[in-house]
Each structure stands twice: as structure tokens, then as C-alpha cells.
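To start, the structure itself, in C-alpha cells.
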Amino acid sequence: LLYLEGWVDFSSRCYYISCQQKNWFESQQDCKQRGADLAIINSGEEQEFINNLNKRIWIGLTDTDKEGSWNWVDGTNLTIRFWKQNEPNDAGGKEDCAESAVEFNPQMIWNDIPCELQRYWVCERGPELN
Ligand code: 2F8
Ligand code: CA
């Protein structure tokens, strides 16, 4: 794990880890301003990297456009999934954004929660800024 200029290098991707909490939309907006998106998770290794941060964080996954249709913000196909058991459940009919929680069993760790809640967040980009 290499730390440089606020970005962490992991497996040829660059990650920014916030030290404050924001709602989902403001978090994604912050990532955009950094030339990145909220973290897009494509592998168990990447999920493990996120787990090791030991924080509840926003990831770049939402069903805001169409209830029940979960999409990565960068258009990546949703293939591998790490939803907790019985999630996503749209509790109260208003949970449209996904967090990666901190759990004893880190295998299944995503949950949908209301987008306006405050969470830490992780931005992800390639090695070159857009
Ligand atoms: O039981 C699962 C359920 O737990 C909480 O609601 C009581 C979660 N809400 C928050 O974390 C805000 C739900 O998202 C979760 O589905
Ligand atoms: Ca939920």
C-alpha cells in the first residue's frame, strides 16, 4: 500500500479516502471534482481493500434512476455483488444509495440506505487524470 499526495495506489488504481462525512450526492460530486468517481468494486480483492479501511463508506452504486435497478455511476456493468443477506431492501421505500459497511463477516457487506445520510467516501480513478 503506497500513500502519495492524498491518493492510495492499489492494484494499479488510485483511491482517495475522505476524512469527513457527506451525503451520497455530495460525495460523488467531490469525486468528480477530483477527476474520479465514487469507488466501483469489481473484485473480491478490491472489496477487501475497502474493508481494510474499516470505515462505513459510500460506493458508486445507486438505483435512483429506477427503483431496484442498481447501476455503477461510471456505467460499469454490475457483475460481482457484495450485498448483505436480505439487501438491498429499500427499507421505508427510500433507500437508493449503497454503502459498504464494517462487519464481522466482510464477505457480504453492502447495504442500501437513504442517500441523504452522512458517510465517509472513497473515490477511485485510473493512474491518469481525465
Ligand atoms: O435490518 C436491515 C436494515 O437495517 C437498518 O434499518 C433498520 C438499515 N438502515 C440504515 O442503516 C439507515 C437498513 O438499510 C437495513 O436494510
Ligand atoms: Ca437496506
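Labeling convention for the C-alpha cells: chains A, B, ... as they appear, residues from 1 per chain, ligands from 1 in order of appearance.
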
Give me the residues within 7 Å of segment 98-105 of chain A as a PyMOL selection string, counting only C-alpha atoms and dropping any in the same chain fewer than 2 places off. chain A and resi 51+54-59+61-62+96+107-113

Residues from last step as file, C-alpha atoms, as a compact mmCIF listing (two decimals), in the first residue's frame:
# COMPACT_ATOMS: atom_id res chain seq x y z
CA ASN A 51 -12.96 -3.46 4.10
CA ASN A 54 -12.52 -0.07 8.50
CA LYS A 55 -15.00 2.70 7.69
CA ARG A 56 -18.59 2.79 6.51
CA ILE A 57 -18.24 4.38 3.11
CA TRP A 58 -20.36 5.35 0.13
CA ILE A 59 -19.65 3.38 -3.02
CA LEU A 61 -23.78 2.32 -6.65
CA THR A 62 -27.33 3.73 -6.82
CA ASP A 96 -31.41 4.37 -3.13
CA GLN A 107 -17.85 -11.12 2.60
CA MET A 108 -21.33 -9.65 2.26
CA ILE A 109 -21.16 -6.08 3.27
CA TRP A 110 -23.20 -3.75 1.04
CA ASN A 111 -26.47 -2.23 2.20
CA ASP A 112 -28.83 0.27 0.60
CA ILE A 113 -29.56 3.28 2.79

Apply DSSP to the backbone of this structure and, from chain A, keep only the residues in helix (DSSP H, G or I); write these as a count of residues only. 22

What's the separation between atom 6 (O, counted along the ligand's line) of ligand 1 and atom CA of Ala36 of chain A, in Å to one decimal place? 29.8 Å

Need the shell around Gln28 of chain A: protein/DNA/RNA residues with any atom at most 8 Å away, counting only C-alpha atoms. Skip same-chain ones fewer than 5 positions apart. Format as a PyMOL selection string? chain A and resi 37-38+60+123

Pull the closest atom pair for each residue of chain A that gets at most 7 Å from ligand 1, along with the distance in Å to one decimal, counting only C-alpha atoms and all ligand atoms, ordering rows by chain and then ascending residue number, as a tab-separated table.
residue	atom	partner	partner_atom_place_in_ligand_line	distance
A:Glu87	CA	ligand 1	16 (O)	6.0
A:Pro88	CA	ligand 1	16 (O)	6.6
A:Asn89	CA	ligand 1	16 (O)	5.5
A:Asp90	CA	ligand 1	16 (O)	6.8
A:Ala91	CA	ligand 1	16 (O)	5.5
A:Glu95	CA	ligand 1	14 (O)	6.7
A:Asn111	CA	ligand 1	14 (O)	5.8
A:Asp112	CA	ligand 1	14 (O)	5.2
A:Ile113	CA	ligand 1	14 (O)	4.5
A:Pro114	CA	ligand 1	12 (C)	6.5

Which of A:Asn71, A:Phe82, A:Trp24, A:Ile41 sits closest to Arg125 of chain A [using only C-alpha atoms]: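 Closest residue, counting only C-alpha atoms: A:Ile41.
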
Would you list the contacts of Glu26 of chain A as a list in words, taking every protein, DNA or RNA residue within 12 Å and counting only C-alpha atoms, but skipping same-chain residues closer than 5 positions in sequence? Ser18, Gln20, Gln21, Cys31, Lys32, Gln33, Asp37, Leu38, Trp58, Gly60, Cys115, Glu116, Leu117, Gln118, Arg119, Tyr120, Trp121 and Cys123 of chain A

Would you mind exporting all heavy atoms of the selected residues as a compact mmCIF listing (two decimals), in the first residue's frame?
# COMPACT_ATOMS: atom_id res chain seq x y z
N SER A 18 -11.84 9.78 2.15
CA SER A 18 -12.24 11.03 2.81
C SER A 18 -11.98 10.95 4.31
O SER A 18 -11.97 9.86 4.88
CB SER A 18 -13.73 11.31 2.56
OG SER A 18 -14.53 10.56 3.46
N GLN A 20 -13.90 13.12 6.22
CA GLN A 20 -15.13 13.73 6.73
C GLN A 20 -16.30 12.97 6.12
O GLN A 20 -16.08 12.09 5.28
CB GLN A 20 -15.19 15.21 6.37
CG GLN A 20 -15.10 15.44 4.89
CD GLN A 20 -15.26 16.90 4.51
OE1 GLN A 20 -16.10 17.61 5.04
NE2 GLN A 20 -14.44 17.36 3.58
N GLN A 21 -17.51 13.30 6.54
CA GLN A 21 -18.68 12.60 6.03
C GLN A 21 -19.57 13.56 5.24
O GLN A 21 -19.70 14.73 5.61
CB GLN A 21 -19.47 11.97 7.18
CG GLN A 21 -18.64 10.99 8.00
CD GLN A 21 -19.48 10.23 9.00
OE1 GLN A 21 -20.38 9.49 8.65
NE2 GLN A 21 -19.17 10.41 10.29
N CYS A 31 -15.89 13.54 -5.69
CA CYS A 31 -15.04 12.67 -6.51
C CYS A 31 -14.89 13.23 -7.92
O CYS A 31 -13.79 13.24 -8.48
CB CYS A 31 -15.63 11.26 -6.57
SG CYS A 31 -15.56 10.39 -4.99
N LYS A 32 -16.00 13.69 -8.50
CA LYS A 32 -15.96 14.27 -9.85
C LYS A 32 -14.96 15.42 -9.91
O LYS A 32 -14.19 15.55 -10.87
CB LYS A 32 -17.35 14.77 -10.26
CG LYS A 32 -18.27 13.67 -10.75
CD LYS A 32 -17.80 13.14 -12.11
CE LYS A 32 -18.64 11.99 -12.62
NZ LYS A 32 -17.89 11.18 -13.62
N GLN A 33 -14.98 16.24 -8.85
CA GLN A 33 -14.06 17.39 -8.81
C GLN A 33 -12.60 16.94 -8.72
O GLN A 33 -11.70 17.69 -9.06
CB GLN A 33 -14.41 18.31 -7.62
CG GLN A 33 -15.62 19.19 -7.92
CD GLN A 33 -16.18 19.85 -6.66
OE1 GLN A 33 -15.63 19.71 -5.57
NE2 GLN A 33 -17.29 20.57 -6.82
N ASP A 37 -14.60 8.99 -9.67
CA ASP A 37 -15.97 8.64 -9.29
C ASP A 37 -15.89 7.99 -7.92
O ASP A 37 -14.82 7.56 -7.49
CB ASP A 37 -16.56 7.61 -10.27
CG ASP A 37 -17.09 8.24 -11.54
OD1 ASP A 37 -17.91 9.17 -11.45
OD2 ASP A 37 -16.69 7.80 -12.63
N LEU A 38 -17.04 7.87 -7.25
CA LEU A 38 -17.08 7.02 -6.06
C LEU A 38 -16.58 5.63 -6.45
O LEU A 38 -16.69 5.23 -7.62
CB LEU A 38 -18.51 6.94 -5.51
CG LEU A 38 -18.99 8.14 -4.70
CD1 LEU A 38 -20.48 8.02 -4.41
CD2 LEU A 38 -18.21 8.25 -3.38
N TRP A 58 -19.55 5.37 1.34
CA TRP A 58 -20.36 5.35 0.13
C TRP A 58 -19.56 4.71 -0.99
O TRP A 58 -18.35 4.96 -1.12
CB TRP A 58 -20.72 6.78 -0.31
CG TRP A 58 -21.69 7.51 0.54
CD1 TRP A 58 -21.50 8.72 1.15
CD2 TRP A 58 -23.05 7.13 0.83
NE1 TRP A 58 -22.65 9.10 1.81
CE2 TRP A 58 -23.60 8.15 1.63
CE3 TRP A 58 -23.84 6.03 0.49
CZ2 TRP A 58 -24.92 8.10 2.10
CZ3 TRP A 58 -25.15 5.99 0.96
CH2 TRP A 58 -25.67 7.01 1.75
N GLY A 60 -19.99 3.79 -5.38
CA GLY A 60 -20.63 4.42 -6.54
C GLY A 60 -21.79 3.63 -7.10
O GLY A 60 -21.87 3.45 -8.33
N CYS A 115 -29.94 8.15 0.65
CA CYS A 115 -28.80 8.87 0.06
C CYS A 115 -28.40 10.11 0.86
O CYS A 115 -27.28 10.59 0.73
CB CYS A 115 -29.14 9.30 -1.37
SG CYS A 115 -29.60 7.93 -2.45
N GLU A 116 -29.33 10.62 1.67
CA GLU A 116 -29.02 11.86 2.39
C GLU A 116 -28.25 11.63 3.69
O GLU A 116 -27.84 12.58 4.34
CB GLU A 116 -30.29 12.67 2.67
CG GLU A 116 -31.28 12.00 3.60
CD GLU A 116 -32.34 11.20 2.86
OE1 GLU A 116 -32.10 10.79 1.70
OE2 GLU A 116 -33.41 10.98 3.46
N LEU A 117 -28.03 10.37 4.04
CA LEU A 117 -27.24 10.10 5.25
C LEU A 117 -25.78 10.50 5.04
O LEU A 117 -25.31 10.57 3.91
CB LEU A 117 -27.30 8.62 5.64
CG LEU A 117 -28.65 8.10 6.11
CD1 LEU A 117 -28.52 6.67 6.61
CD2 LEU A 117 -29.23 8.99 7.21
N GLN A 118 -25.09 10.78 6.14
CA GLN A 118 -23.69 11.18 6.09
C GLN A 118 -22.80 9.95 6.25
O GLN A 118 -22.96 9.19 7.19
CB GLN A 118 -23.40 12.17 7.23
CG GLN A 118 -24.32 13.37 7.26
CD GLN A 118 -23.89 14.46 6.33
OE1 GLN A 118 -22.76 14.94 6.40
NE2 GLN A 118 -24.77 14.85 5.41
N ARG A 119 -21.90 9.80 5.29
CA ARG A 119 -20.93 8.70 5.36
C ARG A 119 -19.57 9.19 4.88
O ARG A 119 -19.47 10.18 4.16
CB ARG A 119 -21.36 7.54 4.45
CG ARG A 119 -22.58 6.75 4.94
CD ARG A 119 -22.25 5.92 6.15
NE ARG A 119 -23.38 5.10 6.62
CZ ARG A 119 -24.30 5.54 7.49
NH1 ARG A 119 -24.25 6.76 7.98
NH2 ARG A 119 -25.28 4.73 7.86
N TYR A 120 -18.52 8.48 5.25
CA TYR A 120 -17.22 8.69 4.61
C TYR A 120 -17.37 8.22 3.17
O TYR A 120 -18.36 7.57 2.82
CB TYR A 120 -16.13 7.91 5.33
CG TYR A 120 -15.87 8.42 6.73
CD1 TYR A 120 -16.44 7.81 7.84
CD2 TYR A 120 -15.05 9.53 6.92
CE1 TYR A 120 -16.22 8.30 9.12
CE2 TYR A 120 -14.81 10.02 8.19
CZ TYR A 120 -15.40 9.40 9.29
OH TYR A 120 -15.18 9.88 10.55
N TRP A 121 -16.40 8.51 2.34
CA TRP A 121 -16.50 8.03 0.96
C TRP A 121 -15.11 7.76 0.40
O TRP A 121 -14.11 8.24 0.94
CB TRP A 121 -17.26 9.04 0.08
CG TRP A 121 -16.54 10.32 -0.22
CD1 TRP A 121 -15.79 10.60 -1.33
CD2 TRP A 121 -16.51 11.51 0.59
NE1 TRP A 121 -15.31 11.89 -1.26
CE2 TRP A 121 -15.72 12.47 -0.10
CE3 TRP A 121 -17.06 11.86 1.84
CZ2 TRP A 121 -15.48 13.74 0.41
CZ3 TRP A 121 -16.80 13.14 2.34
CH2 TRP A 121 -16.03 14.06 1.63
N CYS A 123 -13.10 7.72 -3.37
CA CYS A 123 -13.10 7.98 -4.81
C CYS A 123 -12.09 7.06 -5.47
O CYS A 123 -11.08 6.68 -4.86
CB CYS A 123 -12.68 9.42 -5.12
SG CYS A 123 -13.62 10.69 -4.26

Go ahead and compute the interatomic distance for atom CA of Ser12 of chain A and atom CA of Gly126 of chain A, in Å to one decimal.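 If I compute the distance from atom CA of Ser12 of chain A to atom CA of Gly126 of chain A, I get 7.3 Å.
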
Using only C-alpha atoms and all ligand atoms, which of A:Gly44, A:Gly75, A:Pro127, A:Gly68 sits nearest ligand 2?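 So, comparing all the options, the nearest one is A:Gly68.
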
Skipping near chain neighbours, those fewer than 3 positions away, what residues fall within 9 Å of Thr76 of chain A using only C-alpha atoms, listed as a PyMOL selection string? chain A and resi 40+42+71-73+79

Let me see the file: selected residues, all heavy atoms, as a compact mmCIF listing (two decimals), in the first residue's frame.
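Once everything was written out, this is again.txt:
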# COMPACT_ATOMS: atom_id res chain seq x y z
N ILE A 40 -15.87 2.01 -7.53
CA ILE A 40 -16.56 1.00 -8.32
C ILE A 40 -15.87 -0.32 -7.97
O ILE A 40 -14.66 -0.45 -8.20
CB ILE A 40 -16.39 1.27 -9.84
CG1 ILE A 40 -16.74 2.71 -10.20
CG2 ILE A 40 -17.16 0.24 -10.66
CD1 ILE A 40 -18.16 3.12 -9.94
N ASN A 42 -15.02 -4.14 -8.44
CA ASN A 42 -15.06 -5.16 -9.50
C ASN A 42 -14.46 -6.50 -9.10
O ASN A 42 -14.39 -7.41 -9.92
CB ASN A 42 -14.28 -4.69 -10.74
CG ASN A 42 -14.61 -3.27 -11.11
OD1 ASN A 42 -13.85 -2.35 -10.79
ND2 ASN A 42 -15.73 -3.08 -11.77
N ASN A 71 -27.08 0.57 -10.52
CA ASN A 71 -26.08 0.92 -11.54
C ASN A 71 -24.84 1.54 -10.91
O ASN A 71 -24.95 2.36 -9.99
CB ASN A 71 -26.67 1.96 -12.51
CG ASN A 71 -27.80 1.38 -13.33
OD1 ASN A 71 -27.63 0.42 -14.05
ND2 ASN A 71 -28.97 1.97 -13.18
N TRP A 72 -23.68 1.16 -11.42
CA TRP A 72 -22.44 1.85 -11.07
C TRP A 72 -22.45 3.22 -11.76
O TRP A 72 -22.87 3.32 -12.93
CB TRP A 72 -21.21 1.06 -11.52
CG TRP A 72 -20.97 -0.20 -10.75
CD1 TRP A 72 -20.99 -1.47 -11.24
CD2 TRP A 72 -20.60 -0.31 -9.36
NE1 TRP A 72 -20.70 -2.37 -10.24
CE2 TRP A 72 -20.45 -1.69 -9.08
CE3 TRP A 72 -20.40 0.61 -8.33
CZ2 TRP A 72 -20.09 -2.16 -7.81
CZ3 TRP A 72 -20.04 0.14 -7.07
CH2 TRP A 72 -19.90 -1.22 -6.82
N VAL A 73 -21.98 4.24 -11.06
CA VAL A 73 -22.05 5.61 -11.61
C VAL A 73 -21.24 5.80 -12.88
O VAL A 73 -21.52 6.70 -13.65
CB VAL A 73 -21.61 6.67 -10.57
CG1 VAL A 73 -22.67 6.85 -9.50
CG2 VAL A 73 -20.25 6.35 -9.97
N THR A 79 -21.57 -6.79 -12.00
CA THR A 79 -21.39 -8.24 -12.12
C THR A 79 -21.25 -8.83 -10.73
O THR A 79 -22.20 -9.34 -10.16
CB THR A 79 -20.16 -8.55 -13.00
OG1 THR A 79 -19.05 -7.80 -12.53
CG2 THR A 79 -20.44 -8.20 -14.45
